[in-house]
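Raw final.cif, mmCIF, C-alpha atoms:
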data_protein
#
loop_
_atom_site.label_atom_id
_atom_site.label_comp_id
_atom_site.auth_asym_id
_atom_site.auth_seq_id
_atom_site.Cartn_x
_atom_site.Cartn_y
_atom_site.Cartn_z
CA MET A 467 10.49 64.21 31.43
CA THR A 468 8.51 61.10 32.04
CA HIS A 469 5.13 61.13 33.60
CA VAL A 470 3.99 58.42 35.90
CA ARG A 471 0.31 57.87 35.95
CA ILE A 472 -0.90 56.31 39.13
CA VAL A 473 -3.49 53.67 38.40
CA ALA A 474 -5.42 51.95 41.14
CA PRO A 475 -4.52 48.24 41.22
CA PRO A 476 -7.28 45.84 40.29
CA ASP A 477 -9.32 44.83 43.28
CA SER A 478 -8.00 41.28 43.20
CA LEU A 479 -8.69 40.58 46.86
CA GLN A 480 -12.37 41.31 46.50
CA THR A 481 -12.56 39.28 43.34
CA ALA A 482 -10.85 36.34 45.02
CA ASP A 483 -13.14 36.64 48.03
CA ALA A 484 -16.20 36.72 45.80
CA ALA A 485 -15.00 33.67 43.88
CA CYS A 486 -14.31 31.82 47.11
CA LEU A 487 -17.73 32.71 48.48
CA ALA A 488 -19.43 31.65 45.25
CA ALA A 489 -17.59 28.30 45.30
CA PHE A 490 -18.53 27.76 48.92
CA GLN A 491 -22.15 28.62 48.19
CA LYS A 492 -22.20 26.16 45.30
CA GLU A 493 -20.75 23.34 47.40
CA LEU A 494 -22.58 24.12 50.63
CA ASP A 495 -24.68 20.94 50.52
CA TYR A 496 -21.54 18.90 49.96
CA VAL A 497 -19.67 20.58 52.84
CA TYR A 498 -22.53 20.00 55.27
CA ARG A 499 -23.00 16.41 54.19
CA SER A 500 -19.26 15.67 54.34
CA LEU A 501 -19.07 17.05 57.86
CA ARG A 502 -21.99 14.86 58.89
CA ARG A 503 -20.37 11.83 57.25
CA LEU A 504 -17.21 12.62 59.17
CA GLY A 505 -19.10 12.41 62.45
CA THR A 506 -19.96 16.03 63.24
CA SER A 507 -23.09 16.37 65.34
CA PRO A 508 -25.98 18.39 63.83
CA SER A 509 -25.62 21.16 66.39
CA GLU A 510 -21.96 21.68 65.45
CA VAL A 511 -22.24 21.45 61.68
CA ASP A 512 -22.99 25.16 61.26
CA ASP A 513 -19.91 26.25 63.18
CA LEU A 514 -17.63 23.73 61.53
CA ALA A 515 -18.90 24.68 58.07
CA GLN A 516 -18.00 28.25 58.97
CA GLU A 517 -14.51 27.09 59.88
CA VAL A 518 -14.27 25.26 56.56
CA PHE A 519 -15.08 28.53 54.81
CA VAL A 520 -12.51 30.46 56.82
CA VAL A 521 -9.78 27.95 55.97
CA LEU A 522 -10.94 27.83 52.35
CA SER A 523 -10.73 31.60 52.03
CA ARG A 524 -7.30 31.57 53.64
CA CYS A 525 -5.85 29.02 51.22
CA TRP A 526 -7.96 29.93 48.20
CA SER A 527 -4.83 31.07 46.37
CA ASP A 528 -3.32 27.57 46.82
CA TYR A 529 -6.27 25.93 45.12
CA ASP A 530 -5.57 24.82 41.56
CA ARG A 531 -8.66 25.83 39.56
CA ASN A 532 -8.03 23.05 37.04
CA ARG A 533 -8.75 20.43 39.65
CA PRO A 534 -12.13 19.57 41.15
CA LEU A 535 -13.01 21.52 44.27
CA ARG A 536 -14.66 18.75 46.24
CA PRO A 537 -11.51 16.78 47.19
CA PHE A 538 -9.92 20.07 48.30
CA LEU A 539 -12.97 20.88 50.41
CA PHE A 540 -13.03 17.36 51.79
CA GLY A 541 -9.37 17.69 52.88
CA ILE A 542 -10.22 20.85 54.81
CA SER A 543 -13.37 19.29 56.27
CA PHE A 544 -11.44 16.19 57.33
CA ARG A 545 -8.84 18.20 59.24
CA ILE A 546 -11.48 20.30 60.94
CA ALA A 547 -13.56 17.23 61.81
CA ALA A 548 -10.46 15.51 63.20
CA ALA A 549 -9.70 18.52 65.41
CA TYR A 550 -13.34 18.56 66.50
CA GLU A 551 -13.23 14.85 67.33
CA ARG A 552 -10.08 15.31 69.41
CA LYS A 553 -11.77 18.14 71.30
CA ARG A 554 -14.93 16.12 71.78
CA SER A 555 -13.00 13.12 73.12
CA ARG A 556 -11.25 15.40 75.60
CA GLU A 557 -14.53 16.85 76.77
CA VAL A 558 -16.40 13.59 77.32
CA PRO A 559 -15.03 12.83 80.83
CA PHE A 560 -16.32 16.19 82.05
CA GLY A 561 -19.81 15.59 80.72
CA VAL A 562 -20.15 18.86 78.85
CA VAL A 563 -21.01 17.56 75.39
CA ASP A 564 -24.45 17.88 73.88
CA VAL A 565 -26.21 14.60 74.38
CA ASP A 566 -29.32 15.28 72.39
CA ASP A 567 -27.94 15.51 68.92
CA SER A 568 -25.59 12.62 68.31
CA CYS A 569 -25.55 10.67 65.07
CA PRO A 570 -28.76 8.73 64.52
CA GLY A 571 -28.57 5.37 66.25
CA PRO A 572 -29.23 2.09 64.46
CA ASP A 573 -32.73 1.82 65.93
CA GLU A 574 -33.80 5.17 64.64
CA ALA A 575 -32.19 4.47 61.30
CA LEU A 576 -33.99 1.18 60.83
CA HIS A 577 -37.35 2.27 62.10
CA SER A 578 -37.47 5.19 59.74
CA LYS A 579 -36.25 2.93 56.88
CA ARG A 580 -33.95 5.59 55.74
CA ALA A 581 -30.95 4.20 53.97
CA ARG A 582 -29.03 7.40 54.42
CA SER A 583 -29.43 7.34 58.17
CA LEU A 584 -28.34 3.72 58.17
CA VAL A 585 -25.18 4.56 56.24
CA LEU A 586 -24.52 7.52 58.51
CA ALA A 587 -24.98 5.39 61.64
CA ALA A 588 -22.58 2.76 60.28
CA LEU A 589 -20.04 5.38 59.19
CA ASP A 590 -20.14 6.89 62.66
CA ARG A 591 -18.77 3.65 64.09
CA ILE A 592 -15.76 3.51 61.77
CA PRO A 593 -12.62 5.29 63.03
CA LEU A 594 -12.23 8.70 61.39
CA ALA A 595 -9.03 8.00 59.43
CA ARG A 596 -10.56 4.96 57.73
CA ARG A 597 -13.97 6.60 57.38
CA ALA A 598 -12.45 9.52 55.47
CA VAL A 599 -10.92 7.17 52.89
CA LEU A 600 -14.17 5.26 52.49
CA VAL A 601 -16.25 8.43 52.08
CA MET A 602 -13.83 10.01 49.64
CA HIS A 603 -13.40 6.96 47.45
CA ASP A 604 -16.58 4.91 47.71
CA ILE A 605 -19.09 7.75 48.06
CA ASP A 606 -17.45 10.76 46.42
CA GLY A 607 -15.70 8.64 43.78
CA VAL A 608 -12.29 10.27 44.21
CA PRO A 609 -9.39 8.18 42.76
CA MET A 610 -7.14 6.51 45.33
CA ARG A 611 -4.06 8.52 44.38
CA GLU A 612 -5.93 11.76 44.95
CA VAL A 613 -7.27 10.45 48.25
CA ALA A 614 -3.69 9.74 49.34
CA SER A 615 -2.51 13.17 48.26
CA THR A 616 -5.46 14.99 49.90
CA LEU A 617 -5.18 13.16 53.20
CA LYS A 618 -1.35 13.28 53.09
CA VAL A 619 -0.87 9.56 53.68
CA PRO A 620 0.99 6.96 51.60
CA LEU A 621 -0.95 5.19 48.88
CA PHE A 622 -0.42 1.81 50.50
CA THR A 623 -1.94 3.10 53.74
CA VAL A 624 -4.94 4.42 51.85
CA TYR A 625 -5.56 1.00 50.27
CA SER A 626 -5.21 -0.66 53.65
CA ARG A 627 -7.61 1.77 55.28
CA ARG A 628 -10.15 1.34 52.52
CA ARG A 629 -10.05 -2.44 52.87
CA LYS A 630 -10.61 -2.28 56.63
CA ALA A 631 -13.25 0.43 56.36
CA ARG A 632 -15.24 -1.55 53.79
CA ARG A 633 -15.21 -4.60 56.01
CA GLU A 634 -16.34 -2.53 58.97
CA LEU A 635 -19.09 -0.78 57.01
CA GLU A 636 -20.46 -4.05 55.71
CA SER A 637 -20.27 -5.63 59.14
CA PHE A 638 -22.05 -2.77 60.90
CA ILE A 639 -24.82 -2.51 58.32
CA ARG A 640 -25.42 -6.26 58.43
CA ARG A 641 -25.50 -6.17 62.22
CA PHE A 642 -28.06 -3.34 62.21
CA LEU A 643 -30.21 -5.19 59.69
CA LYS A 644 -30.01 -8.39 61.73
CA GLU A 645 -31.00 -6.55 64.89
CA ALA A 646 -33.98 -5.10 63.05
CA ASP A 647 -35.04 -8.52 61.80
CA ALA A 648 -34.79 -9.96 65.30
CA ARG A 649 -37.41 -7.51 66.59
CA MET B 134 -16.65 -10.87 57.65
CA SER B 135 -13.94 -12.32 55.54
CA ARG B 136 -10.43 -10.95 55.04
CA ALA B 137 -10.36 -12.00 51.41
CA ARG B 138 -13.34 -9.88 50.38
CA PRO B 139 -12.43 -6.23 50.06
CA MET B 140 -15.24 -5.44 47.60
CA LEU B 141 -18.57 -4.23 48.86
CA SER B 142 -21.67 -6.32 48.31
CA PRO B 143 -24.34 -5.05 45.85
CA GLU B 144 -26.66 -4.35 48.77
CA ILE B 145 -24.15 -2.01 50.42
CA LEU B 146 -23.29 -0.45 47.09
CA ALA B 147 -26.96 0.36 46.58
CA LEU B 148 -27.05 2.05 49.98
CA LEU B 149 -23.94 4.07 49.12
CA ASP B 150 -25.54 5.08 45.81
CA ARG B 151 -28.42 6.62 47.72
CA GLU B 152 -26.04 8.34 50.09
CA ARG B 153 -24.22 9.79 47.09
CA ASN B 154 -27.22 11.96 46.15
CA LEU B 155 -26.96 15.16 48.11
CA SER B 156 -30.18 16.62 49.45
CA SER B 157 -30.53 20.38 49.48
CA LEU B 158 -30.13 22.17 52.77
CA PRO B 159 -33.12 24.08 54.16
CA ALA B 160 -33.20 27.69 53.02
CA THR B 161 -32.69 29.01 56.56
CA VAL B 162 -29.58 26.90 57.12
CA ARG B 163 -28.17 27.92 53.75
CA GLY B 164 -28.97 31.57 54.44
CA ARG B 165 -27.36 31.45 57.85
CA ALA B 166 -24.18 29.86 56.50
CA LEU B 167 -23.86 32.47 53.77
CA VAL B 168 -24.52 35.35 56.15
CA ARG B 169 -21.75 34.07 58.38
CA ALA B 170 -19.37 33.55 55.48
CA ARG B 171 -19.98 37.09 54.20
CA ALA B 172 -19.56 38.45 57.72
CA ALA B 173 -16.21 36.64 58.02
CA LEU B 174 -15.04 38.23 54.78
CA VAL B 175 -16.22 41.69 55.79
CA ALA B 176 -14.57 41.36 59.21
CA GLY B 177 -11.35 40.19 57.57
CA VAL B 178 -10.42 36.55 57.76
CA ALA B 179 -7.45 37.37 60.01
CA GLY B 180 -9.78 38.37 62.80
CA VAL B 181 -11.84 35.21 62.65
CA ASP B 182 -11.37 32.14 64.78
CA ARG B 183 -9.29 29.57 62.93
CA ARG B 184 -8.40 27.24 65.78
CA ALA B 185 -5.04 26.49 64.22
CA VAL B 186 -6.42 24.23 61.54
CA PRO B 187 -3.50 23.61 59.19
CA ALA B 188 -3.92 24.51 55.55
CA PRO B 189 -3.86 21.35 53.47
CA ALA B 190 -1.23 22.66 51.07
CA ALA B 191 1.52 23.45 53.58
CA PRO B 192 1.69 20.95 56.46
CA ALA B 193 5.16 21.93 57.71
CA ARG B 194 4.73 25.71 57.67
CA TRP B 195 3.22 25.92 61.12
CA ALA B 196 6.20 24.11 62.66
CA ALA B 197 8.64 26.57 61.10
CA ALA B 198 6.51 29.50 62.27
CA ALA B 199 6.32 28.11 65.83
CA ALA B 200 10.10 27.63 65.93
CA ALA B 201 10.64 31.18 64.66
CA VAL B 202 8.29 32.59 67.31
CA CYS B 203 10.08 30.62 70.05
CA ILE B 204 13.52 31.84 68.96
CA LEU B 205 12.26 35.41 68.66
CA SER B 206 10.64 35.41 72.09
CA ILE B 207 13.78 33.95 73.72
CA GLY B 208 15.89 36.65 72.05
CA LEU B 209 13.52 39.41 73.10
CA GLY B 210 13.41 38.11 76.67
CA ALA B 211 17.20 38.02 76.92
CA ALA B 212 17.50 41.53 75.47
CA ALA B 213 14.87 42.91 77.85
CA TYR B 214 16.61 41.31 80.82
CA GLU B 215 19.95 42.79 79.79
CA VAL B 216 18.52 46.30 79.34
CA ARG B 217 16.71 46.14 82.66
CA ALA B 218 19.86 44.98 84.46
CA ARG B 219 21.93 47.78 82.91
CA LEU B 220 19.36 50.43 83.77
CA ALA B 221 19.11 49.23 87.34
CA ARG B 222 22.89 49.00 87.91
CA GLY B 223 24.26 52.09 86.22
CA PRO B 224 28.01 52.56 85.84
CA GLY B 225 28.81 52.46 89.56
CA GLY B 226 26.37 49.78 90.50
CA ARG B 227 23.80 52.39 91.71
CA PRO B 228 20.48 53.10 90.10
CA THR B 229 20.92 55.78 87.45
CA ALA B 230 18.75 58.84 86.93
CA LEU B 231 17.44 57.19 83.77
CA ALA B 232 16.47 54.08 85.72
CA VAL B 233 14.72 56.15 88.37
CA GLU B 234 12.87 58.10 85.71
CA ALA B 235 11.90 54.89 83.90
CA ALA B 236 10.68 53.34 87.14
CA ALA B 237 8.64 56.46 87.89
CA SER B 238 7.06 56.41 84.46
CA VAL B 239 6.26 52.71 84.82
CA GLU B 240 4.61 53.42 88.17
CA LYS B 241 2.65 56.23 86.59
CA VAL B 242 1.34 53.97 83.86
CA ALA B 243 0.60 51.08 86.19
CA ALA B 244 -1.20 53.15 88.83
CA PRO B 245 -2.97 56.26 87.57
CA PRO B 246 -3.23 59.14 90.05
CA ARG B 247 -5.93 58.50 92.60
CA ALA B 248 -7.11 61.99 93.41
CA PRO B 249 -8.53 62.91 89.99
CA LEU B 250 -10.22 59.49 89.71
CA ALA B 251 -11.83 59.92 93.09
CA SER B 252 -13.01 63.40 92.24
CA ALA B 253 -14.27 62.44 88.77
CA PRO B 254 -18.01 62.11 88.29
CA THR B 255 -19.16 58.58 89.10
CA ALA B 256 -21.08 58.42 85.83
CA ARG B 257 -17.77 58.10 83.98
CA LEU B 258 -16.70 54.99 85.83
CA PRO B 259 -18.94 52.44 84.11
CA ALA B 260 -17.92 53.80 80.71
CA ALA B 261 -14.25 53.46 81.57
CA ALA B 262 -14.82 49.97 82.92
CA ALA B 263 -16.67 49.03 79.76
CA ARG B 264 -13.81 50.35 77.64
CA VAL B 265 -11.32 48.20 79.53
CA ASP B 266 -13.66 45.23 79.28
CA THR B 267 -14.15 45.48 75.55
CA ALA B 268 -10.54 46.20 74.76
CA THR B 269 -9.16 43.19 76.59
CA PRO B 270 -10.35 40.17 74.55
CA SER B 271 -8.54 39.58 71.31
CA HIS B 272 -10.30 39.22 68.00
CA VAL B 273 -10.05 35.47 68.23
CA SER B 274 -11.52 35.13 71.70
CA ALA B 275 -14.25 37.64 70.80
CA ALA B 276 -15.16 35.59 67.74
CA ARG B 277 -15.27 32.44 69.85
CA THR B 278 -17.45 34.10 72.46
CA GLU B 279 -19.81 35.35 69.77
CA LEU B 280 -20.07 31.87 68.31
CA ARG B 281 -20.58 30.28 71.72
CA LEU B 282 -23.39 32.62 72.70
CA LEU B 283 -25.22 32.19 69.43
CA ARG B 284 -24.71 28.43 69.51
CA GLN B 285 -26.42 28.34 72.92
CA ALA B 286 -29.27 30.45 71.61
CA ARG B 287 -29.64 28.35 68.46
CA ALA B 288 -29.61 25.10 70.42
CA ALA B 289 -32.33 26.44 72.73
CA VAL B 290 -34.45 27.53 69.75
CA ALA B 291 -33.91 24.13 68.11
CA ARG B 292 -35.25 22.33 71.16
CA GLU B 293 -38.09 24.90 71.35
CA ASP B 294 -36.89 26.13 74.73
CA TYR B 295 -37.41 29.76 73.76
CA ALA B 296 -37.07 31.18 77.27
CA ASP B 297 -33.56 29.74 77.44
CA ALA B 298 -32.66 31.27 74.10
CA LEU B 299 -33.15 34.87 75.21
CA PRO B 300 -30.38 35.26 77.87
CA PRO B 301 -27.51 34.42 75.47
CA ILE B 302 -29.13 36.66 72.85
CA PHE B 303 -29.30 39.57 75.31
CA GLN B 304 -25.75 38.87 76.43
CA HIS B 305 -24.56 38.91 72.82
CA ALA B 306 -26.42 42.16 72.17
CA ARG B 307 -24.85 43.74 75.24
CA ARG B 308 -21.29 42.64 74.49
CA PHE B 309 -21.24 42.76 70.69
CA GLN B 310 -23.52 45.59 69.60
CA GLY B 311 -21.91 45.78 66.18
CA GLY B 312 -20.74 42.16 66.18
CA ARG B 313 -20.27 40.26 62.96
CA LEU B 314 -23.15 37.90 63.82
CA THR B 315 -25.66 40.62 64.66
CA GLU B 316 -27.89 39.63 61.76
CA GLU B 317 -28.11 36.04 62.95
CA ARG B 318 -28.68 37.15 66.53
CA GLU B 319 -31.63 39.35 65.56
CA ALA B 320 -33.16 36.52 63.53
CA LEU B 321 -32.83 34.22 66.55
CA ARG B 322 -34.37 36.88 68.77
CA ILE B 323 -37.41 37.06 66.52
CA MET B 324 -37.74 33.26 66.50
CA ALA B 325 -37.56 33.16 70.30
CA LEU B 326 -40.13 35.94 70.70
CA VAL B 327 -42.52 34.24 68.29
CA GLY B 328 -42.02 30.96 70.16
CA LEU B 329 -42.82 32.64 73.46
CA GLY B 330 -45.97 34.17 72.02
CA ARG B 331 -44.68 37.72 72.41
CA THR B 332 -46.08 38.56 69.00
CA ALA B 333 -46.08 42.34 69.29
CA GLU B 334 -42.42 42.41 70.30
CA ALA B 335 -41.60 39.92 67.55
CA ARG B 336 -43.27 42.16 64.94
CA ARG B 337 -41.39 45.19 66.20
CA ALA B 338 -38.12 43.25 66.12
CA ALA B 339 -38.92 41.96 62.62
CA ALA B 340 -39.64 45.49 61.39
CA ALA B 341 -36.33 46.65 62.86
CA PHE B 342 -34.60 43.68 61.22
CA CYS B 343 -36.08 44.53 57.80
CA ALA B 344 -34.97 48.12 58.15
CA ARG B 345 -31.49 47.25 59.31
CA PHE B 346 -30.80 44.33 56.97
CA PRO B 347 -32.88 45.02 53.86
CA ARG B 348 -30.83 42.64 51.72
CA SER B 349 -30.54 39.83 54.24
CA VAL B 350 -30.93 36.28 53.02
CA LEU B 351 -32.85 35.62 56.24
CA LEU B 352 -35.39 38.32 55.42
CA GLN B 353 -38.00 36.00 53.96
CA ALA B 354 -37.81 33.60 56.91
CA VAL B 355 -38.06 36.50 59.35
CA SER B 356 -41.08 37.98 57.57
CA GLN B 357 -42.83 34.61 57.60
CA LEU B 358 -42.07 34.18 61.29
CA SER B 359 -43.36 37.55 62.33
CA THR B 360 -46.63 37.08 60.45
CA SER B 361 -47.22 33.52 61.68
CA GLU B 362 -49.03 32.68 64.87
CA PRO B 363 -47.01 30.86 67.59
#
Please express what this file holds, its structure, as structure tokens.
Amino acid sequence: MTHVRIVAPPDSLQTADAACLAAFQKELDYVYRSLRRLGTSPSEVDDLAQEVFVVLSRCWSDYDRNRPLRPFLFGISFRIAAAYERKRSREVPFGVVDVDDSCPGPDEALHSKRARSLVLAALDRIPLARRAVLVMHDIDGVPMREVASTLKVPLFTVYSRRRKARRELESFIRRFLKEADAR
Amino acid sequence: MSRARPMLSPEILALLDRERNLSSLPATVRGRALVRARAALVAGVAGVDRRAVPAPAAPARWAAAAAAVCILSIGLGAAAYEVRARLARGPGGRPTALAVEAAASVEKVAAPPRAPLASAPTARLPAAAARVDTATPSHVSAARTELRLLRQARAAVAREDYADALPPIFQHARRFQGGRLTEEREALRIMALVGLGRTAEARRAAAAFCARFPRSVLLQAVSQLSTSEP
């Protein structure tokens, strides 16, 4: 007669949740900053970061631990920011968006002499698809192939977007600096 | 702006270098984000608002799921129509006893008997109404409502319009007594009370907060608030 001993299964769900939460906690600054770079207004960053966590916890099992987490997080943030931007563009004609907390304008950026605000103001004027490539590659230092795979676009498109985005970034920053000099 | 110059100038590269350094978030923002994340895990991620954001690993899964749901709902609709038609017709084209009984039971469910309701004590009515009210919204819409109310309160606190912060806080407390964002709501309540100069109430609320959430990451901020002067 064989005996079957019932053993409680390891609490893998809790372990996975804890690991996901720890990873999110570690990369919280990066998530918030990425959302801001992707055009999220300060008043919405909290809620969108929460959505990033929810999606992260949902697809935590898909994440390959041998790869860096930041591109994975950026992919999630990009999709959430894109959905947010679509929603925001729909809401504008009805005048229900927050008007007090948009991205810092060029004036504010230049007066405060803060390079980060200047970059953020310039980024805000670049269309989201191109901005995402620029942020991932030129700021986060992610290789182009990984950018293409994260954003699910062909490599050629990624190169094309980067080229345009760089031109736009340079143009906007120069324009802001010129406007500041003119005053 | 030249087409033949894809590289960034050293000046812009220097600006991007500065942007690359991440500054640390304020402790309160960090604490709030972690409280929310933990609350989402405790509540179960399935009950949390996801707004149909596709997972990056499986872009085509949602389309397959939507198609399956459509096919299933069409099949169910057709089956329900067929059953209803058969029940209503019966073998000779007349309503059967089963159909009559089913119709009666449907009526019973749809319209509960009036006499007992009328004779019931009036004190029970609000409770019943509240039960219906709380049972109706799904998890998703409840999560959205919670977020919306607290977003309003937080925005009002951020612009130091503390009087405007209290109504959404009270509304949240009324609708979501054991809501997953209770901790954040109570912290906002204390901030609003301190801002309005209602120090005694703020201290009471802070004491209640400490007792209820002794391991909260917002505890330090709340203690500082309640001891500071407005």
Matched chain/residue IDs from the PyMOL selection byres ((chain A) within 6 of (chain B)), as a PyMOL selection string: chain A and resi 495+581-582+605+629
Length of the atom CA of A:Phe638 to atom CA of A:Tyr550 vector [Å]: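 Separation of atom CA of A:Phe638 and atom CA of A:Tyr550: 23.7 Å.
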For atom CA of A:Thr506 and atom CA of A:Trp526, the interatomic separation in Å (one decimal):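 Here the two named atoms are 23.7 Å from each other.
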Within-10 Å shell of (-18.0, 8.2, 62.1) in input frame, all atoms listed in the file, as a PyMOL selection string: chain A and resi 501-506+551+569+585-598
Atomic separation - atom CA of B:Ala289 relative to atom CA of B:Thr161, Å: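 Separation of atom CA of B:Thr161 and atom CA of B:Ala289: 16.4 Å.
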